[in-house]
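Next comes entry-v3.cif, with mmCIF, N, CA and C atoms and all ligand atoms.
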```cif
data_target
loop_
_atom_site.label_atom_id
_atom_site.label_comp_id
_atom_site.auth_asym_id
_atom_site.auth_seq_id
_atom_site.Cartn_x
_atom_site.Cartn_y
_atom_site.Cartn_z
N MET A 1 27.69 -30.68 -2.73
CA MET A 1 27.46 -30.75 -1.29
C MET A 1 28.55 -31.59 -0.64
N MET A 2 29.05 -31.11 0.46
CA MET A 2 30.07 -31.84 1.18
C MET A 2 29.47 -32.76 2.22
N ASP A 3 28.22 -32.63 2.47
CA ASP A 3 27.61 -33.33 3.58
C ASP A 3 26.72 -34.47 3.10
N SER A 4 26.43 -35.39 3.99
CA SER A 4 25.56 -36.50 3.65
C SER A 4 24.09 -36.10 3.68
N GLY A 5 23.81 -34.94 4.27
CA GLY A 5 22.43 -34.50 4.41
C GLY A 5 21.93 -34.68 5.82
N ALA A 6 22.67 -35.43 6.64
CA ALA A 6 22.25 -35.66 8.02
C ALA A 6 22.58 -34.49 8.91
N SER A 7 23.50 -33.66 8.46
CA SER A 7 23.94 -32.54 9.27
C SER A 7 23.08 -31.31 9.02
N PRO A 8 22.87 -30.51 10.04
CA PRO A 8 22.13 -29.27 9.84
C PRO A 8 22.98 -28.16 9.27
N LYS A 9 24.25 -28.41 8.99
CA LYS A 9 25.15 -27.36 8.56
C LYS A 9 24.85 -26.88 7.15
N GLN A 10 25.07 -25.61 6.92
CA GLN A 10 25.05 -25.09 5.56
C GLN A 10 26.31 -25.55 4.86
N THR A 11 26.30 -25.59 3.55
CA THR A 11 27.46 -26.11 2.84
C THR A 11 27.90 -25.23 1.68
N GLU A 12 27.14 -24.25 1.28
CA GLU A 12 27.50 -23.47 0.11
C GLU A 12 27.27 -21.99 0.38
N SER A 13 27.78 -21.19 -0.52
CA SER A 13 27.55 -19.76 -0.42
C SER A 13 27.05 -19.23 -1.76
N PHE A 14 26.46 -18.06 -1.71
CA PHE A 14 25.95 -17.41 -2.90
C PHE A 14 26.92 -16.29 -3.21
N HIS A 15 27.76 -16.48 -4.19
CA HIS A 15 28.95 -15.66 -4.34
C HIS A 15 29.04 -15.11 -5.76
N ASP A 16 28.73 -13.84 -5.92
CA ASP A 16 28.90 -13.23 -7.22
C ASP A 16 29.59 -11.87 -7.07
N ALA A 17 30.49 -11.82 -6.08
CA ALA A 17 31.22 -10.58 -5.82
C ALA A 17 32.37 -10.43 -6.81
N PRO A 18 32.81 -9.19 -7.03
CA PRO A 18 33.99 -9.00 -7.89
C PRO A 18 35.24 -9.59 -7.26
N GLU A 19 36.23 -9.85 -8.10
CA GLU A 19 37.49 -10.47 -7.65
C GLU A 19 38.14 -9.72 -6.48
N ASP A 20 38.05 -8.40 -6.53
CA ASP A 20 38.74 -7.59 -5.53
C ASP A 20 37.84 -7.18 -4.37
N ALA A 21 36.76 -7.91 -4.16
CA ALA A 21 35.82 -7.56 -3.09
C ALA A 21 36.50 -7.61 -1.73
N ALA A 22 36.09 -6.73 -0.85
CA ALA A 22 36.52 -6.78 0.55
C ALA A 22 35.48 -7.57 1.33
N TRP A 23 35.95 -8.55 2.11
CA TRP A 23 35.03 -9.46 2.80
C TRP A 23 34.96 -9.13 4.29
N ILE A 24 33.75 -9.19 4.80
CA ILE A 24 33.49 -8.88 6.20
C ILE A 24 33.10 -10.16 6.91
N ASP A 25 33.81 -10.47 7.98
CA ASP A 25 33.51 -11.67 8.76
C ASP A 25 32.25 -11.43 9.58
N VAL A 26 31.30 -12.38 9.53
CA VAL A 26 30.02 -12.17 10.22
C VAL A 26 29.76 -13.18 11.33
N MET A 27 29.84 -14.49 11.01
CA MET A 27 29.48 -15.48 12.03
C MET A 27 29.96 -16.88 11.62
N GLU A 28 29.88 -17.80 12.57
CA GLU A 28 30.17 -19.20 12.30
C GLU A 28 29.12 -19.77 11.35
N ALA A 29 29.56 -20.43 10.31
CA ALA A 29 28.62 -21.02 9.36
C ALA A 29 27.77 -22.11 10.01
N ASP A 30 28.34 -22.84 10.95
CA ASP A 30 27.60 -23.92 11.61
C ASP A 30 26.43 -23.41 12.44
N ASP A 31 26.41 -22.12 12.73
CA ASP A 31 25.34 -21.57 13.56
C ASP A 31 24.13 -21.14 12.74
N LEU A 32 24.19 -21.29 11.43
CA LEU A 32 23.05 -20.96 10.58
C LEU A 32 22.59 -22.24 9.89
N TRP A 33 21.59 -22.85 10.45
CA TRP A 33 21.12 -24.14 9.96
C TRP A 33 20.27 -23.98 8.72
N ILE A 34 20.18 -25.05 7.97
CA ILE A 34 19.34 -25.05 6.78
C ILE A 34 17.91 -24.71 7.15
N GLY A 35 17.33 -23.79 6.42
CA GLY A 35 15.95 -23.38 6.66
C GLY A 35 15.82 -22.29 7.70
N ASP A 36 16.95 -21.86 8.27
CA ASP A 36 16.90 -20.89 9.36
C ASP A 36 17.33 -19.52 8.86
N ARG A 37 17.07 -18.53 9.70
CA ARG A 37 17.53 -17.16 9.43
C ARG A 37 18.08 -16.60 10.72
N VAL A 38 19.02 -15.68 10.56
CA VAL A 38 19.67 -15.07 11.72
C VAL A 38 19.89 -13.59 11.42
N GLU A 39 19.62 -12.76 12.39
CA GLU A 39 19.97 -11.35 12.28
C GLU A 39 21.39 -11.18 12.80
N ALA A 40 22.14 -10.31 12.16
CA ALA A 40 23.51 -10.07 12.59
C ALA A 40 23.89 -8.62 12.34
N GLU A 41 24.70 -8.10 13.23
CA GLU A 41 25.25 -6.77 13.02
C GLU A 41 26.62 -6.93 12.36
N SER A 42 26.94 -6.02 11.49
CA SER A 42 28.26 -6.04 10.86
C SER A 42 28.69 -4.61 10.61
N VAL A 43 29.95 -4.45 10.24
CA VAL A 43 30.41 -3.10 9.93
C VAL A 43 29.71 -2.57 8.68
N ALA A 44 29.12 -3.45 7.88
CA ALA A 44 28.37 -3.02 6.70
C ALA A 44 26.96 -2.58 7.08
N GLY A 45 26.52 -2.90 8.31
CA GLY A 45 25.18 -2.56 8.74
C GLY A 45 24.43 -3.80 9.20
N PRO A 46 23.13 -3.65 9.50
CA PRO A 46 22.35 -4.79 9.98
C PRO A 46 22.07 -5.78 8.85
N LEU A 47 22.28 -7.05 9.15
CA LEU A 47 22.12 -8.09 8.13
C LEU A 47 21.04 -9.08 8.52
N LEU A 48 20.42 -9.67 7.51
CA LEU A 48 19.54 -10.81 7.69
C LEU A 48 20.14 -11.93 6.85
N LEU A 49 20.61 -12.98 7.52
CA LEU A 49 21.23 -14.12 6.84
C LEU A 49 20.25 -15.27 6.80
N ILE A 50 20.14 -15.90 5.65
CA ILE A 50 19.17 -16.98 5.46
C ILE A 50 19.87 -18.15 4.80
N ASN A 51 19.62 -19.34 5.31
CA ASN A 51 20.15 -20.57 4.72
C ASN A 51 19.00 -21.29 4.02
N LEU A 52 19.03 -21.25 2.70
CA LEU A 52 18.00 -21.92 1.91
C LEU A 52 18.59 -23.18 1.32
N ALA A 53 18.19 -24.32 1.82
CA ALA A 53 18.63 -25.61 1.29
C ALA A 53 20.15 -25.69 1.17
N GLY A 54 20.85 -25.06 2.11
CA GLY A 54 22.30 -25.16 2.12
C GLY A 54 23.03 -24.00 1.46
N THR A 55 22.29 -23.08 0.88
CA THR A 55 22.90 -21.89 0.29
C THR A 55 22.57 -20.68 1.15
N VAL A 56 23.61 -19.91 1.48
CA VAL A 56 23.42 -18.77 2.37
C VAL A 56 23.23 -17.50 1.56
N PHE A 57 22.22 -16.73 1.94
CA PHE A 57 21.95 -15.42 1.35
C PHE A 57 22.05 -14.37 2.45
N ALA A 58 22.49 -13.18 2.08
CA ALA A 58 22.60 -12.09 3.04
C ALA A 58 21.92 -10.84 2.47
N TYR A 59 21.07 -10.24 3.30
CA TYR A 59 20.36 -9.04 2.90
C TYR A 59 20.53 -7.97 3.97
N GLU A 60 20.38 -6.73 3.54
CA GLU A 60 20.26 -5.68 4.53
C GLU A 60 18.97 -5.96 5.32
N ASN A 61 19.05 -5.84 6.64
CA ASN A 61 17.90 -6.18 7.48
C ASN A 61 16.96 -4.99 7.60
N ARG A 62 16.66 -4.38 6.47
CA ARG A 62 15.75 -3.25 6.41
C ARG A 62 14.88 -3.37 5.17
N CYS A 63 13.61 -3.16 5.35
CA CYS A 63 12.70 -3.20 4.21
C CYS A 63 12.93 -1.99 3.30
N PRO A 64 12.93 -2.21 1.98
CA PRO A 64 13.13 -1.08 1.07
C PRO A 64 11.93 -0.13 1.03
N HIS A 65 10.82 -0.50 1.63
CA HIS A 65 9.66 0.39 1.65
C HIS A 65 9.90 1.52 2.65
N LYS A 66 9.79 1.22 3.95
CA LYS A 66 10.00 2.27 4.95
C LYS A 66 10.88 1.78 6.09
N GLY A 67 11.73 0.83 5.80
CA GLY A 67 12.78 0.47 6.75
C GLY A 67 12.39 -0.53 7.82
N GLY A 68 11.29 -1.24 7.66
CA GLY A 68 10.92 -2.26 8.65
C GLY A 68 12.03 -3.26 8.85
N ARG A 69 12.14 -3.75 10.08
CA ARG A 69 13.18 -4.73 10.40
C ARG A 69 12.72 -6.11 9.95
N LEU A 70 13.30 -6.60 8.86
CA LEU A 70 12.81 -7.82 8.23
C LEU A 70 12.93 -9.04 9.14
N GLY A 71 13.94 -9.04 10.01
CA GLY A 71 14.11 -10.17 10.91
C GLY A 71 13.00 -10.31 11.93
N ASP A 72 12.17 -9.29 12.09
CA ASP A 72 11.03 -9.36 13.00
C ASP A 72 9.78 -9.88 12.31
N GLY A 73 9.84 -10.03 10.98
CA GLY A 73 8.67 -10.49 10.25
C GLY A 73 8.64 -11.99 10.10
N GLU A 74 7.63 -12.46 9.43
CA GLU A 74 7.49 -13.91 9.19
C GLU A 74 8.51 -14.35 8.14
N PHE A 75 8.88 -15.61 8.24
CA PHE A 75 9.74 -16.23 7.24
C PHE A 75 9.30 -17.68 7.11
N ALA A 76 8.70 -18.01 5.98
CA ALA A 76 8.23 -19.39 5.76
C ALA A 76 8.19 -19.64 4.26
N ASN A 77 8.48 -20.87 3.87
CA ASN A 77 8.41 -21.29 2.46
C ASN A 77 9.23 -20.39 1.55
N GLY A 78 10.37 -19.93 2.05
CA GLY A 78 11.26 -19.12 1.24
C GLY A 78 10.78 -17.71 1.01
N VAL A 79 9.83 -17.25 1.81
CA VAL A 79 9.29 -15.90 1.65
C VAL A 79 9.55 -15.10 2.93
N ILE A 80 10.13 -13.92 2.75
CA ILE A 80 10.38 -12.98 3.84
C ILE A 80 9.23 -11.97 3.83
N VAL A 81 8.59 -11.77 4.97
CA VAL A 81 7.47 -10.83 5.06
C VAL A 81 7.85 -9.69 6.00
N CYS A 82 7.77 -8.47 5.51
CA CYS A 82 8.07 -7.32 6.37
C CYS A 82 6.98 -7.19 7.43
N PRO A 83 7.37 -6.94 8.69
CA PRO A 83 6.37 -6.88 9.76
C PRO A 83 5.55 -5.59 9.75
N ILE A 84 5.95 -4.59 8.98
CA ILE A 84 5.26 -3.30 9.05
C ILE A 84 4.04 -3.25 8.13
N HIS A 85 4.23 -3.43 6.84
CA HIS A 85 3.11 -3.36 5.90
C HIS A 85 2.98 -4.65 5.08
N ARG A 86 3.72 -5.66 5.51
CA ARG A 86 3.60 -7.01 4.96
C ARG A 86 4.00 -7.14 3.47
N TRP A 87 4.91 -6.31 3.02
CA TRP A 87 5.48 -6.59 1.71
C TRP A 87 6.20 -7.93 1.78
N GLU A 88 6.21 -8.65 0.67
CA GLU A 88 6.81 -9.99 0.63
C GLU A 88 7.97 -10.03 -0.37
N PHE A 89 9.01 -10.78 0.01
CA PHE A 89 10.22 -10.88 -0.81
C PHE A 89 10.64 -12.34 -0.89
N CYS A 90 11.16 -12.72 -2.05
CA CYS A 90 11.70 -14.07 -2.23
C CYS A 90 13.06 -14.13 -1.52
N ALA A 91 13.23 -15.11 -0.65
CA ALA A 91 14.50 -15.25 0.08
C ALA A 91 15.63 -15.70 -0.83
N HIS A 92 15.31 -16.19 -2.01
CA HIS A 92 16.33 -16.63 -2.98
C HIS A 92 16.60 -15.49 -3.95
N GLY A 93 17.32 -14.49 -3.51
CA GLY A 93 17.69 -13.37 -4.37
C GLY A 93 17.09 -12.04 -3.95
N GLY A 94 16.00 -12.05 -3.17
CA GLY A 94 15.47 -10.82 -2.60
C GLY A 94 14.48 -10.06 -3.47
N ALA A 95 14.03 -10.65 -4.57
CA ALA A 95 13.07 -9.95 -5.43
C ALA A 95 11.72 -9.82 -4.73
N GLY A 96 11.07 -8.69 -4.97
CA GLY A 96 9.75 -8.47 -4.41
C GLY A 96 8.73 -9.42 -5.03
N ILE A 97 7.89 -9.97 -4.18
CA ILE A 97 6.78 -10.83 -4.65
C ILE A 97 5.49 -10.01 -4.64
N ASN A 98 5.29 -9.29 -3.54
CA ASN A 98 4.11 -8.44 -3.41
C ASN A 98 4.49 -7.22 -2.59
N PRO A 99 4.72 -6.07 -3.23
CA PRO A 99 4.56 -5.86 -4.67
C PRO A 99 5.76 -6.36 -5.45
N ALA A 100 5.52 -6.72 -6.70
CA ALA A 100 6.62 -7.08 -7.61
C ALA A 100 7.36 -5.79 -7.98
N GLY A 101 8.58 -5.97 -8.44
CA GLY A 101 9.36 -4.81 -8.89
C GLY A 101 10.18 -4.18 -7.79
N THR A 102 10.07 -4.68 -6.57
CA THR A 102 10.91 -4.21 -5.48
C THR A 102 12.08 -5.17 -5.33
N GLN A 103 13.04 -4.82 -4.50
CA GLN A 103 14.23 -5.65 -4.37
C GLN A 103 14.92 -5.37 -3.03
N LEU A 104 15.21 -6.43 -2.29
CA LEU A 104 16.02 -6.27 -1.08
C LEU A 104 17.45 -5.97 -1.47
N LYS A 105 18.14 -5.25 -0.60
CA LYS A 105 19.56 -5.01 -0.80
C LYS A 105 20.31 -6.26 -0.39
N ARG A 106 21.06 -6.81 -1.32
CA ARG A 106 21.70 -8.11 -1.10
C ARG A 106 23.22 -7.98 -1.10
N TYR A 107 23.83 -8.79 -0.29
CA TYR A 107 25.29 -8.88 -0.24
C TYR A 107 25.73 -10.23 -0.78
N ALA A 108 26.84 -10.24 -1.51
CA ALA A 108 27.45 -11.51 -1.89
C ALA A 108 27.96 -12.19 -0.62
N VAL A 109 27.93 -13.51 -0.62
CA VAL A 109 28.30 -14.30 0.55
C VAL A 109 29.35 -15.32 0.15
N ARG A 110 30.28 -15.57 1.06
CA ARG A 110 31.16 -16.72 0.87
C ARG A 110 31.39 -17.37 2.24
N ILE A 111 31.78 -18.64 2.19
CA ILE A 111 32.15 -19.36 3.40
C ILE A 111 33.65 -19.54 3.36
N ALA A 112 34.34 -19.05 4.38
CA ALA A 112 35.80 -19.15 4.43
C ALA A 112 36.21 -19.60 5.82
N ASP A 113 36.94 -20.71 5.89
CA ASP A 113 37.39 -21.25 7.18
C ASP A 113 36.23 -21.44 8.15
N GLY A 114 35.10 -21.88 7.63
CA GLY A 114 33.95 -22.16 8.47
C GLY A 114 33.19 -20.93 8.92
N ARG A 115 33.53 -19.79 8.36
CA ARG A 115 32.86 -18.54 8.74
C ARG A 115 32.07 -17.99 7.56
N ILE A 116 30.92 -17.40 7.85
CA ILE A 116 30.16 -16.68 6.82
C ILE A 116 30.74 -15.29 6.70
N GLN A 117 31.04 -14.91 5.47
CA GLN A 117 31.55 -13.58 5.19
C GLN A 117 30.69 -12.94 4.10
N VAL A 118 30.49 -11.65 4.21
CA VAL A 118 29.74 -10.92 3.18
C VAL A 118 30.66 -9.90 2.54
N ALA A 119 30.41 -9.63 1.28
CA ALA A 119 31.20 -8.63 0.56
C ALA A 119 30.75 -7.24 0.99
N TRP A 120 31.70 -6.37 1.14
CA TRP A 120 31.40 -5.01 1.59
C TRP A 120 30.42 -4.32 0.64
N GLU A 121 30.66 -4.45 -0.64
CA GLU A 121 29.78 -3.83 -1.63
C GLU A 121 28.54 -4.69 -1.81
N ARG A 122 27.38 -4.05 -1.80
CA ARG A 122 26.15 -4.79 -2.08
C ARG A 122 26.08 -5.09 -3.57
N VAL A 123 25.41 -6.18 -3.91
CA VAL A 123 25.29 -6.57 -5.32
C VAL A 123 23.90 -6.24 -5.84
S1 LIG B 1 8.18 -0.91 5.88
FE1 LIG B 1 8.19 -2.89 5.01
S2 LIG B 1 6.35 -3.03 3.91
FE2 LIG B 1 6.38 -0.98 4.70
#
```
Before we go any further, please render this structure as structure tokens.
Amino acid sequence: MMDSGASPKQTESFHDAPEDAAWIDVMEADDLWIGDRVEAESVAGPLLLINLAGTVFAYENRCPHKGGRLGDGEFANGVIVCPIHRWEFCAHGGAGINPAGTQLKRYAVRIADGRIQVAWERV
């Protein structure tokens, strides 16, 4: 961590993209506070960005069930709830909680020059 903890800024990224990944600029990292989520449009499609304890995760902002807009649902205690049929997903990686065995489409994330960037290819 680069911060003392007094700042609301995120400080890390969740990055498991291949070496030759193409990165898409999305938003200022300082605008996504710890514990917060933000919907964003990108050339890769609609995104849901979440800052969990200083680590940023990026998901397609569509439920894998029938396409509900995840950013319109509840988000508390690290759980994303789809507003349509209330499927639940872990915000730390996107695995389905209820029902299990489902998975959000996730993008690798990096922070570069104070900007959040996502890899073009989903992981
Ligand atoms: S569309 Fe998300 S749970 Fe059905």
Which residues come within 6.5 Å of Ala91 of chain A, counting only N, CA and C atoms, excluding same-chain residues fewer than 3 positions away, as a PyMOL selection string?
chain A and resi 78-80+94-95
Any residue with an atom at most 6 Å from ligand LIG 1 (chain B) counts, using only N, CA and C atoms and all ligand atoms. Which are they? Put them as a list in words.
Cys63, Pro64, His65, Lys66, Gly67, Gly68, Cys82, Pro83, Ile84, His85, Arg86 and Trp87 of chain A
Go ahead and write the selection's residues with N, CA and C atoms as a PDB file, in the coordinates of the input.
```
ATOM      1  N   CYS A  63      13.610  -3.160   5.350  1.00  0.00           N
ATOM      2  CA  CYS A  63      12.700  -3.200   4.210  1.00  0.00           C
ATOM      3  C   CYS A  63      12.930  -1.990   3.300  1.00  0.00           C
ATOM      4  N   PRO A  64      12.930  -2.210   1.980  1.00  0.00           N
ATOM      5  CA  PRO A  64      13.130  -1.080   1.070  1.00  0.00           C
ATOM      6  C   PRO A  64      11.930  -0.130   1.030  1.00  0.00           C
ATOM      7  N   HIS A  65      10.820  -0.500   1.630  1.00  0.00           N
ATOM      8  CA  HIS A  65       9.660   0.390   1.650  1.00  0.00           C
ATOM      9  C   HIS A  65       9.900   1.520   2.650  1.00  0.00           C
ATOM     10  N   LYS A  66       9.790   1.220   3.950  1.00  0.00           N
ATOM     11  CA  LYS A  66      10.000   2.270   4.950  1.00  0.00           C
ATOM     12  C   LYS A  66      10.880   1.780   6.090  1.00  0.00           C
ATOM     13  N   GLY A  67      11.730   0.830   5.800  1.00  0.00           N
ATOM     14  CA  GLY A  67      12.780   0.470   6.750  1.00  0.00           C
ATOM     15  C   GLY A  67      12.390  -0.530   7.820  1.00  0.00           C
ATOM     16  N   GLY A  68      11.290  -1.240   7.660  1.00  0.00           N
ATOM     17  CA  GLY A  68      10.920  -2.260   8.650  1.00  0.00           C
ATOM     18  C   GLY A  68      12.030  -3.260   8.850  1.00  0.00           C
ATOM     19  N   CYS A  82       7.770  -8.470   5.510  1.00  0.00           N
ATOM     20  CA  CYS A  82       8.070  -7.320   6.370  1.00  0.00           C
ATOM     21  C   CYS A  82       6.980  -7.190   7.430  1.00  0.00           C
ATOM     22  N   PRO A  83       7.370  -6.940   8.690  1.00  0.00           N
ATOM     23  CA  PRO A  83       6.370  -6.880   9.760  1.00  0.00           C
ATOM     24  C   PRO A  83       5.550  -5.590   9.750  1.00  0.00           C
ATOM     25  N   ILE A  84       5.950  -4.590   8.980  1.00  0.00           N
ATOM     26  CA  ILE A  84       5.260  -3.300   9.050  1.00  0.00           C
ATOM     27  C   ILE A  84       4.040  -3.250   8.130  1.00  0.00           C
ATOM     28  N   HIS A  85       4.230  -3.430   6.840  1.00  0.00           N
ATOM     29  CA  HIS A  85       3.110  -3.360   5.900  1.00  0.00           C
ATOM     30  C   HIS A  85       2.980  -4.650   5.080  1.00  0.00           C
ATOM     31  N   ARG A  86       3.720  -5.660   5.510  1.00  0.00           N
ATOM     32  CA  ARG A  86       3.600  -7.010   4.960  1.00  0.00           C
ATOM     33  C   ARG A  86       4.000  -7.140   3.470  1.00  0.00           C
ATOM     34  N   TRP A  87       4.910  -6.310   3.020  1.00  0.00           N
ATOM     35  CA  TRP A  87       5.480  -6.590   1.710  1.00  0.00           C
ATOM     36  C   TRP A  87       6.200  -7.930   1.780  1.00  0.00           C
TER      37      TRP A  87
END
```
Leu52 of chain A proximity check over A:Ile111, A:Ala40, A:Ala17, A:Leu32, using only C-alpha atoms: winner is A:Leu32
Quick one: pull the distance between atom N of Ile34 of chain A and atom C of Asn51 of chain A, Å, one decimal.
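One can read the atom N of Ile34 of chain A to atom C of Asn51 of chain A distance as 5.6 Å.
Proximity to Ser42 of chain A at 12 Å, evaluated using only C-alpha atoms and with sequence-adjacent residues fewer than 4 positions away removed, yields A:Trp23, A:Ile24, A:Asp25, A:Val26, A:Met27, A:Pro46, A:Leu47, A:Leu48, A:Leu49, A:Ala58, A:Tyr59, A:Glu60, A:Asn61, A:Tyr107, A:Ile116, A:Gln117, A:Val118, A:Ala119, A:Trp120.
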Between atom CA of Gly35 of chain A and atom C of Arg62 of chain A, what is the spacing in Å?
20.1 Å
One decimal, Å: what's the distance from atom CA of Arg69 of chain A over to atom C of Glu41 of chain A, could you say?
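These two atoms are separated by 13.8 Å.
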From a DSSP pass on the backbone, collect the residues of segment 30-80 of chain A flagged as strand (DSSP E or B) and hand them back as a list of chain:residue names.
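The strand (DSSP E or B) subset of segment 30-80 of chain A is A:Arg37, A:Val38, A:Glu39, A:Ala40, A:Glu41, A:Ser42, A:Gly45, A:Pro46, A:Leu47, A:Leu48, A:Leu49, A:Ile50, A:Asn51, A:Leu52, A:Thr55, A:Val56, A:Phe57, A:Ala58, A:Tyr59, A:Glu60, A:Phe75, A:Ala76, A:Val79, A:Ile80.
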Quick one: residues within 5 Å of Ile97 of chain A, all atoms listed in the file counted, chain neighbours fewer than 4 positions away excluded, as a list in words?
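The residues satisfying every condition are Glu88, Phe89 and Cys90 of chain A.
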Using only N, CA and C atoms, find the one residue out of A:Lys105, A:Arg110, A:Arg115, A:Arg37 that sits nearest to Gly93 of chain A.
A:Lys105
